[in-house]
file upload.tsv (TSV, C-alpha atoms and all ligand atoms)
chain	number	residue	atom	x	y	z
A	1	MET	CA	-8.41	17.14	-9.21
A	2	ALA	CA	-6.27	14.26	-8.07
A	3	ASN	CA	-5.14	10.94	-9.45
A	4	ILE	CA	-5.67	8.20	-6.88
A	5	LEU	CA	-3.66	5.00	-7.02
A	6	HIS	CA	-5.91	2.28	-5.58
A	7	ILE	CA	-4.27	-1.06	-4.87
A	8	ASP	CA	-5.92	-4.21	-3.53
A	9	THR	CA	-3.63	-6.87	-2.10
A	10	SER	CA	-6.00	-9.59	-0.89
A	11	PRO	CA	-5.91	-12.77	-3.00
A	12	ARG	CA	-9.61	-13.18	-2.20
A	13	GLY	CA	-12.29	-11.86	-4.51
A	14	GLU	CA	-15.84	-11.24	-3.32
A	15	ARG	CA	-15.08	-12.60	0.17
A	16	SER	CA	-12.36	-10.03	0.73
A	17	ILE	CA	-13.30	-7.42	3.32
A	18	SER	CA	-10.38	-5.10	2.49
A	19	ARG	CA	-11.46	-5.16	-1.14
A	20	SER	CA	-15.09	-4.32	-0.37
A	21	LEU	CA	-14.16	-1.56	2.12
A	22	CYS	CA	-11.76	0.03	-0.38
A	23	TYR	CA	-14.42	-0.24	-3.08
A	24	GLU	CA	-16.88	1.50	-0.76
A	25	PHE	CA	-14.36	4.27	-0.10
A	26	ILE	CA	-13.46	4.74	-3.75
A	27	THR	CA	-17.05	4.80	-5.03
A	28	SER	CA	-18.12	7.31	-2.34
A	29	TRP	CA	-15.00	9.39	-2.98
A	30	LYS	CA	-15.69	9.45	-6.73
A	31	ASP	CA	-19.28	10.57	-6.07
A	32	ALA	CA	-17.93	13.46	-3.98
A	33	HIS	CA	-15.00	14.21	-6.33
A	34	PRO	CA	-16.15	13.35	-9.86
A	35	GLY	CA	-13.11	15.07	-11.41
A	36	ASP	CA	-10.63	12.74	-9.69
A	37	THR	CA	-9.22	9.79	-11.59
A	38	VAL	CA	-8.47	6.34	-10.20
A	39	THR	CA	-5.64	4.10	-11.33
A	40	TYR	CA	-6.29	0.56	-10.16
A	41	ARG	CA	-3.87	-2.28	-9.50
A	42	ASP	CA	-4.92	-5.71	-8.22
A	43	LEU	CA	-1.84	-7.27	-6.61
A	44	GLY	CA	-3.95	-9.99	-5.02
A	45	HIS	CA	-4.79	-11.44	-8.42
A	46	ASN	CA	-1.91	-10.04	-10.49
A	47	PRO	CA	1.18	-9.99	-8.28
A	48	VAL	CA	4.39	-8.33	-9.38
A	49	PRO	CA	7.59	-10.41	-9.31
A	50	HIS	CA	10.10	-10.43	-6.50
A	51	VAL	CA	13.29	-8.52	-7.18
A	52	ASP	CA	16.08	-10.75	-8.50
A	53	GLU	CA	19.83	-10.48	-9.14
A	54	SER	CA	19.49	-8.58	-12.46
A	55	TRP	CA	16.98	-6.20	-10.90
A	56	ILE	CA	19.41	-5.39	-8.07
A	57	ALA	CA	22.32	-4.91	-10.50
A	58	ALA	CA	20.15	-2.58	-12.61
A	59	ALA	CA	18.79	-0.60	-9.67
A	60	PHE	CA	22.31	0.24	-8.51
A	61	THR	CA	23.69	1.06	-11.98
A	62	PRO	CA	23.02	4.59	-13.30
A	63	PRO	CA	20.50	4.43	-16.19
A	64	GLU	CA	23.03	5.73	-18.75
A	65	ALA	CA	25.52	2.97	-17.80
A	66	ARG	CA	23.05	0.08	-18.01
A	67	PRO	CA	23.51	-2.47	-20.78
A	68	PRO	CA	20.23	-3.36	-22.58
A	69	GLU	CA	19.64	-6.49	-20.46
A	70	LEU	CA	19.75	-4.44	-17.24
A	71	THR	CA	17.45	-1.80	-18.72
A	72	GLU	CA	15.04	-4.63	-19.50
A	73	ALA	CA	15.44	-6.13	-16.00
A	74	ILE	CA	14.31	-2.89	-14.34
A	75	LYS	CA	11.64	-1.93	-16.88
A	76	LEU	CA	8.62	-3.16	-14.92
A	77	SER	CA	9.92	-1.46	-11.78
A	78	ASP	CA	10.41	1.79	-13.73
A	79	ASN	CA	6.82	1.58	-14.94
A	80	LEU	CA	5.54	0.87	-11.41
A	81	VAL	CA	7.52	3.83	-10.04
A	82	ASP	CA	6.17	6.07	-12.84
A	83	GLU	CA	2.64	4.96	-11.98
A	84	PHE	CA	3.28	5.52	-8.26
A	85	LEU	CA	4.72	9.02	-8.76
A	86	ALA	CA	1.88	10.00	-11.11
A	87	ALA	CA	-0.59	9.66	-8.21
A	88	GLU	CA	-1.35	12.34	-5.64
A	89	ARG	CA	-3.26	10.02	-3.29
A	90	TYR	CA	-2.99	6.37	-2.44
A	91	VAL	CA	-5.62	3.90	-1.23
A	92	PHE	CA	-4.29	0.50	-0.20
A	93	GLY	CA	-6.39	-2.47	0.91
A	94	VAL	CA	-4.12	-4.59	3.09
A	95	PRO	CA	-5.07	-7.72	5.06
A	96	MET	CA	-2.88	-8.65	8.02
A	97	TYR	CA	-1.00	-11.84	7.22
A	98	ASN	CA	1.06	-13.32	10.03
A	99	PHE	CA	1.22	-9.98	11.80
A	100	ASN	CA	2.44	-8.13	8.72
A	101	ILE	CA	1.45	-7.32	5.14
A	102	PRO	CA	0.79	-9.95	2.45
A	103	SER	CA	3.93	-10.86	0.51
A	104	THR	CA	2.30	-9.55	-2.68
A	105	PHE	CA	2.36	-6.06	-1.20
A	106	LYS	CA	5.92	-6.49	0.06
A	107	ALA	CA	7.02	-7.54	-3.45
A	108	TYR	CA	5.37	-4.37	-4.80
A	109	ILE	CA	7.06	-2.17	-2.18
A	110	ASP	CA	10.42	-3.71	-3.11
A	111	GLN	CA	9.72	-2.72	-6.73
A	112	ILE	CA	8.91	0.93	-5.98
A	113	VAL	CA	11.38	1.81	-3.21
A	114	ARG	CA	14.19	2.75	-5.59
A	115	VAL	CA	17.37	4.77	-5.08
A	116	GLY	CA	17.37	7.85	-7.29
A	117	ARG	CA	13.64	7.53	-7.94
A	118	THR	CA	11.72	7.39	-4.66
A	119	PHE	CA	14.60	7.92	-2.21
A	120	ALA	CA	18.12	9.33	-2.34
A	121	PHE	CA	21.27	8.87	-0.31
A	122	GLU	CA	22.97	12.25	0.00
A	123	ASN	CA	25.54	13.57	2.46
A	124	ASN	CA	25.42	10.28	4.35
A	125	ALA	CA	21.68	10.54	4.87
A	126	TYR	CA	18.57	9.06	3.30
A	127	LYS	CA	15.99	11.40	1.85
A	128	GLY	CA	12.54	10.60	0.53
A	129	LEU	CA	11.90	11.85	-3.00
A	130	VAL	CA	8.11	11.51	-3.05
A	131	ASP	CA	6.24	14.78	-2.46
A	132	SER	CA	5.34	14.73	1.24
A	133	SER	CA	2.02	16.51	0.62
A	134	LYS	CA	0.68	13.31	-0.95
A	135	LYS	CA	-1.75	11.32	1.20
A	136	VAL	CA	-1.99	7.63	1.92
A	137	LEU	CA	-5.05	5.75	3.17
A	138	VAL	CA	-4.53	2.16	4.33
A	139	VAL	CA	-7.58	-0.03	4.94
A	140	THR	CA	-6.38	-2.99	6.94
A	141	THR	CA	-8.35	-6.15	7.77
A	142	ARG	CA	-7.47	-8.49	10.60
A	143	GLY	CA	-8.91	-11.68	12.06
A	144	GLY	CA	-7.96	-10.58	15.59
A	145	ALA	CA	-7.37	-7.28	17.37
A	146	PHE	CA	-4.07	-5.44	17.69
A	147	SER	CA	-5.03	-1.93	18.82
A	148	PRO	CA	-2.94	-0.24	21.51
A	149	GLY	CA	-3.74	-1.69	24.92
A	150	THR	CA	-4.92	-5.09	23.63
A	151	PRO	CA	-2.88	-8.23	24.49
A	152	LEU	CA	-1.60	-8.65	20.91
A	153	ALA	CA	-0.74	-4.99	20.28
A	154	ALA	CA	3.00	-5.74	20.16
A	155	TYR	CA	2.38	-8.21	17.31
A	156	ASP	CA	1.26	-5.48	14.92
A	157	TYR	CA	4.20	-5.31	12.52
A	158	GLN	CA	1.91	-4.05	9.79
A	159	GLU	CA	1.20	-0.43	10.71
A	160	PRO	CA	4.71	0.37	12.08
A	161	TYR	CA	6.32	-1.18	9.00
A	162	LEU	CA	4.07	0.66	6.53
A	163	ARG	CA	4.53	3.98	8.35
A	164	ALA	CA	8.32	3.47	8.30
A	165	VAL	CA	8.65	2.49	4.66
A	166	PHE	CA	6.26	5.22	3.45
A	167	ALA	CA	8.11	7.84	5.53
A	168	PHE	CA	11.40	6.57	4.07
A	169	ILE	CA	10.23	7.60	0.58
A	170	GLY	CA	8.67	10.85	1.83
A	171	LEU	CA	5.06	9.94	2.59
A	172	THR	CA	4.21	10.92	6.15
A	173	ASP	CA	0.52	11.76	5.80
A	174	VAL	CA	-0.77	8.22	6.35
A	175	THR	CA	-4.24	7.32	7.70
A	176	PHE	CA	-5.19	3.81	8.82
A	177	ILE	CA	-8.71	2.41	8.88
A	178	TYR	CA	-9.01	-0.90	10.70
A	179	ALA	CA	-11.50	-3.70	10.37
A	180	GLU	CA	-10.42	-5.96	13.22
A	181	ASN	CA	-11.83	-9.05	14.93
A	182	LEU	CA	-13.16	-10.32	11.62
A	183	ASN	CA	-12.61	-13.93	12.74
A	184	SER	CA	-13.56	-13.37	16.40
A	185	GLY	CA	-17.28	-14.17	16.34
A	186	ASP	CA	-20.27	-12.51	14.72
A	187	ASP	CA	-20.85	-9.74	17.26
A	188	ALA	CA	-17.26	-8.55	17.30
A	189	ARG	CA	-17.10	-8.77	13.52
A	190	GLN	CA	-20.30	-6.77	12.96
A	191	GLN	CA	-19.22	-4.14	15.48
A	192	SER	CA	-15.84	-3.78	13.83
A	193	LEU	CA	-17.29	-3.62	10.32
A	194	ALA	CA	-19.72	-0.91	11.39
A	195	ALA	CA	-16.83	1.09	12.91
A	196	ALA	CA	-14.75	0.65	9.73
A	197	LYS	CA	-17.66	1.85	7.58
A	198	ASP	CA	-18.04	4.91	9.83
A	199	ALA	CA	-14.31	5.58	9.49
A	200	ILE	CA	-14.66	5.30	5.71
A	201	ALA	CA	-17.50	7.83	5.67
A	202	GLN	CA	-15.34	10.15	7.82
A	203	ALA	CA	-12.42	9.72	5.45
A	204	VAL	CA	-14.61	10.51	2.43
A	205	ALA	CA	-15.63	13.75	4.17
A	206	ASN	CA	-12.24	14.77	5.56
A	207	TRP	CA	-9.34	13.13	3.69
B	301	LIG	C1	-2.27	-16.55	5.47
B	301	LIG	C2	-3.10	-15.76	6.44
B	301	LIG	C3	-2.51	-15.18	7.56
B	301	LIG	C4	-3.25	-14.44	8.45
B	301	LIG	N1	-2.63	-13.87	9.52
B	301	LIG	C5	-3.36	-13.12	10.39
B	301	LIG	C6	-2.72	-12.49	11.51
B	301	LIG	O1	-1.52	-12.56	11.71
B	301	LIG	N2	-3.48	-11.77	12.35
B	301	LIG	C7	-4.83	-11.62	12.15
B	301	LIG	O2	-5.47	-10.94	12.94
B	301	LIG	N3	-5.45	-12.18	11.10
B	301	LIG	C8	-4.75	-12.93	10.21
B	301	LIG	N4	-5.37	-13.51	9.14
B	301	LIG	C9	-6.82	-13.23	8.92
B	301	LIG	C10	-7.00	-12.11	7.87
B	301	LIG	O3	-6.30	-10.94	8.20
B	301	LIG	C11	-8.48	-11.77	7.72
B	301	LIG	O4	-9.18	-12.95	7.32
B	301	LIG	C12	-8.76	-10.66	6.73
B	301	LIG	O5	-10.15	-10.46	6.62
B	301	LIG	C13	-8.20	-10.96	5.35
B	301	LIG	O6	-8.42	-9.84	4.48
B	301	LIG	P1	-9.45	-9.95	3.26
B	301	LIG	O7	-10.81	-10.18	3.88
B	301	LIG	O8	-9.38	-8.64	2.55
B	301	LIG	O9	-9.03	-11.10	2.39
B	301	LIG	C14	-4.64	-14.27	8.24
B	301	LIG	C15	-5.25	-14.84	7.10
B	301	LIG	C16	-4.49	-15.59	6.23
B	301	LIG	C17	-5.16	-16.19	5.01

call {"tool": "encode", "arguments": {"input": "upload.tsv", "output": "structure tokens"}}
result
Amino acid sequence: MANILHIDTSPRGERSISRSLCYEFITSWKDAHPGDTVTYRDLGHNPVPHVDESWIAAAFTPPEARPPELTEAIKLSDNLVDEFLAAERYVFGVPMYNFNIPSTFKAYIDQIVRVGRTFAFENNAYKGLVDSSKKVLVVTTRGGAFSPGTPLAAYDYQEPYLRAVFAFIGLTDVTFIYAENLNSGDDARQQSLAAAKDAIAQAVANW
């Protein structure tokens, strides 16, 4: 039995493809694994704040040395990290925005990548503190196409960034499902959606 942290990051509601694909994955997964639990966070509609000066001061002050105002400044981040570490699997719905992730997701990542909590700096080296057996599934939606070999492949700052930042905190088992060409005409869109749905069915069977 696993606890899955499912996060949507699109600001769109019913029109969001990443949202509906993640929903499809999660409902099929729950049918196959009724004992698993799902913790849900909707960053698209309820974003977390950007880090600010007090947050930074608190993050780099040991908990026992923090005055009450710094403890308060880092409280939400502590709760988000607790929630993150309490999960064994992660499902993230992530549109491509300007070749990268939406800023709502970046703000969340800034809140949970924390020294002493999700990574450490020891003997002059960084070390991820999240159990590397945990699995991540990213469902990404894109108006165009960025797969290897396509003209815009070098513009994909989304997958390399997410792989790097997840690996930094210890998560190296990361699977991507792409729905591309969503704004490239009906045929390309339908073809891509069908492929994404197949990939979702595969992930439900094999993840
Ligand atoms: C602000 C903004 C920036 C976008 N930037 C890109 C981009 O760089 N590359 C791309 O292929 N599509 C881009 N798109 C298109 C979205 O990735 C696409 O519409 C996707 O379906 C959005 O995800 P959603 O359906 O879950 O909301 C952008 C859309 C918006 C609103």

call {"tool": "residues_near_ligand", "arguments": {"input": "upload.tsv", "ligand": "ligand LIG 301 (chain B)", "cutoff": "7 Å", "atoms": "all atoms listed in the file", "output": "MDAnalysis selection string"}}
result
chainID A and resid 10:12 15:19 94:100 141:145 181:183

call {"tool": "atom_distance", "arguments": {"input": "upload.tsv", "atom1": "CA of Pro160 in chain A", "atom2": "CA of Ser103 in chain A"}}
result
16.1 Å

call {"tool": "residues_around", "arguments": {"input": "upload.tsv", "residues": "range 56-73 of chain A", "least_positions_apart": "5", "cutoff": "8 Å", "atoms": "only C-alpha atoms", "output": "list of chain:residue names"}}
result
A:Val51, A:Arg114, A:Val115

call {"tool": "write_last_selection", "arguments": {"input": "upload.tsv", "atoms": "C-alpha atoms", "output": "short mmCIF file (atom, residue, chain, number, x, y, z; two decimals), in the frame of the given file"}}
result
data_model
loop_
_atom_site.label_atom_id
_atom_site.label_comp_id
_atom_site.auth_asym_id
_atom_site.auth_seq_id
_atom_site.Cartn_x
_atom_site.Cartn_y
_atom_site.Cartn_z
CA VAL A 51 13.29 -8.52 -7.18
CA ARG A 114 14.19 2.75 -5.59
CA VAL A 115 17.37 4.77 -5.08
#

call {"tool": "closest_residue", "arguments": {"input": "upload.tsv", "among": "A:Pro102, A:Pro49, A:Gly93, A:Gly149", "to": "Ile74 in chain A", "atoms": "all atoms listed in the file"}}
result
A:Pro49

call {"tool": "closest_residue", "arguments": {"input": "upload.tsv", "among": "A:Val91, A:Leu85, A:Val130, A:Ala195", "to": "Val174 in chain A", "atoms": "only C-alpha atoms"}}
result
A:Val91

call {"tool": "closest_residue", "arguments": {"input": "upload.tsv", "among": "A:Arg41, A:Lys75, A:Lys197, A:His6", "to": "Arg89 in chain A", "atoms": "only C-alpha atoms"}}
result
A:His6

call {"tool": "atom_distance", "arguments": {"input": "upload.tsv", "atom1": "CA of Asp198 in chain A", "atom2": "CA of Ser20 in chain A"}}
result
14.1 Å

call {"tool": "atom_distance", "arguments": {"input": "upload.tsv", "atom1": "CA of Asn3 in chain A", "atom2": "CA of Ala86 in chain A"}}
result
7.3 Å

call {"tool": "closest_residue", "arguments": {"input": "upload.tsv", "among": "A:Gln111, A:Ile101, A:Lys134, A:Gly44", "to": "Glu159 in chain A", "atoms": "only C-alpha atoms"}}
result
A:Ile101

call {"tool": "closest_residue", "arguments": {"input": "upload.tsv", "among": "A:Tyr40, A:Phe25, A:Tyr126, A:Trp207", "to": "Val165 in chain A", "atoms": "only C-alpha atoms"}}
result
A:Tyr126

call {"tool": "residues_around", "arguments": {"input": "upload.tsv", "residues": "Ser192 in chain A", "least_positions_apart": "4", "cutoff": "7 Å", "atoms": "only C-alpha atoms", "output": "ChimeraX atom specification"}}
result
/A:179-181,188,196

call {"tool": "closest_residue", "arguments": {"input": "upload.tsv", "among": "A:Val81, A:Ile109, A:Met1, A:Ala32", "to": "Ala164 in chain A", "atoms": "only C-alpha atoms"}}
result
A:Ile109

call {"tool": "residues_around", "arguments": {"input": "upload.tsv", "residues": "Val38 in chain A", "least_positions_apart": "6", "cutoff": "9 Å", "atoms": "only C-alpha atoms", "output": "PDB file with C-alpha atoms, in the coordinates of the input"}}
result
ATOM      1  CA  ALA A   2      -6.270  14.260  -8.070  1.00  0.00           C
ATOM      2  CA  ASN A   3      -5.140  10.940  -9.450  1.00  0.00           C
ATOM      3  CA  ILE A   4      -5.670   8.200  -6.880  1.00  0.00           C
ATOM      4  CA  LEU A   5      -3.660   5.000  -7.020  1.00  0.00           C
ATOM      5  CA  HIS A   6      -5.910   2.280  -5.580  1.00  0.00           C
ATOM      6  CA  ILE A  26     -13.460   4.740  -3.750  1.00  0.00           C
ATOM      7  CA  LYS A  30     -15.690   9.450  -6.730  1.00  0.00           C
ATOM      8  CA  ALA A  87      -0.590   9.660  -8.210  1.00  0.00           C
TER       9      ALA A  87
END

call {"tool": "residues_around", "arguments": {"input": "upload.tsv", "residues": "Lys127 in chain A", "least_positions_apart": "6", "cutoff": "12 Å", "atoms": "only C-alpha atoms", "output": "PDB file with C-alpha atoms, in the coordinates of the input"}}
result
ATOM      1  CA  VAL A 113      11.380   1.810  -3.210  1.00  0.00           C
ATOM      2  CA  ARG A 114      14.190   2.750  -5.590  1.00  0.00           C
ATOM      3  CA  VAL A 115      17.370   4.770  -5.080  1.00  0.00           C
ATOM      4  CA  GLY A 116      17.370   7.850  -7.290  1.00  0.00           C
ATOM      5  CA  ARG A 117      13.640   7.530  -7.940  1.00  0.00           C
ATOM      6  CA  THR A 118      11.720   7.390  -4.660  1.00  0.00           C
ATOM      7  CA  PHE A 119      14.600   7.920  -2.210  1.00  0.00           C
ATOM      8  CA  ALA A 120      18.120   9.330  -2.340  1.00  0.00           C
ATOM      9  CA  PHE A 121      21.270   8.870  -0.310  1.00  0.00           C
ATOM     10  CA  VAL A 165       8.650   2.490   4.660  1.00  0.00           C
ATOM     11  CA  PHE A 166       6.260   5.220   3.450  1.00  0.00           C
ATOM     12  CA  ALA A 167       8.110   7.840   5.530  1.00  0.00           C
ATOM     13  CA  PHE A 168      11.400   6.570   4.070  1.00  0.00           C
ATOM     14  CA  ILE A 169      10.230   7.600   0.580  1.00  0.00           C
ATOM     15  CA  GLY A 170       8.670  10.850   1.830  1.00  0.00           C
ATOM     16  CA  LEU A 171       5.060   9.940   2.590  1.00  0.00           C
TER      17      LEU A 171
END

call {"tool": "axis_aligned_box", "arguments": {"input": "upload.tsv", "around": "range 34-52 of chain A", "padding_each_side": "3 Å", "output": "AutoDock Vina command-line options"}}
result
--center_x 0.0 --center_y 1.8 --center_z -8.3 --size_x 38.2 --size_y 32.5 --size_z 12.6
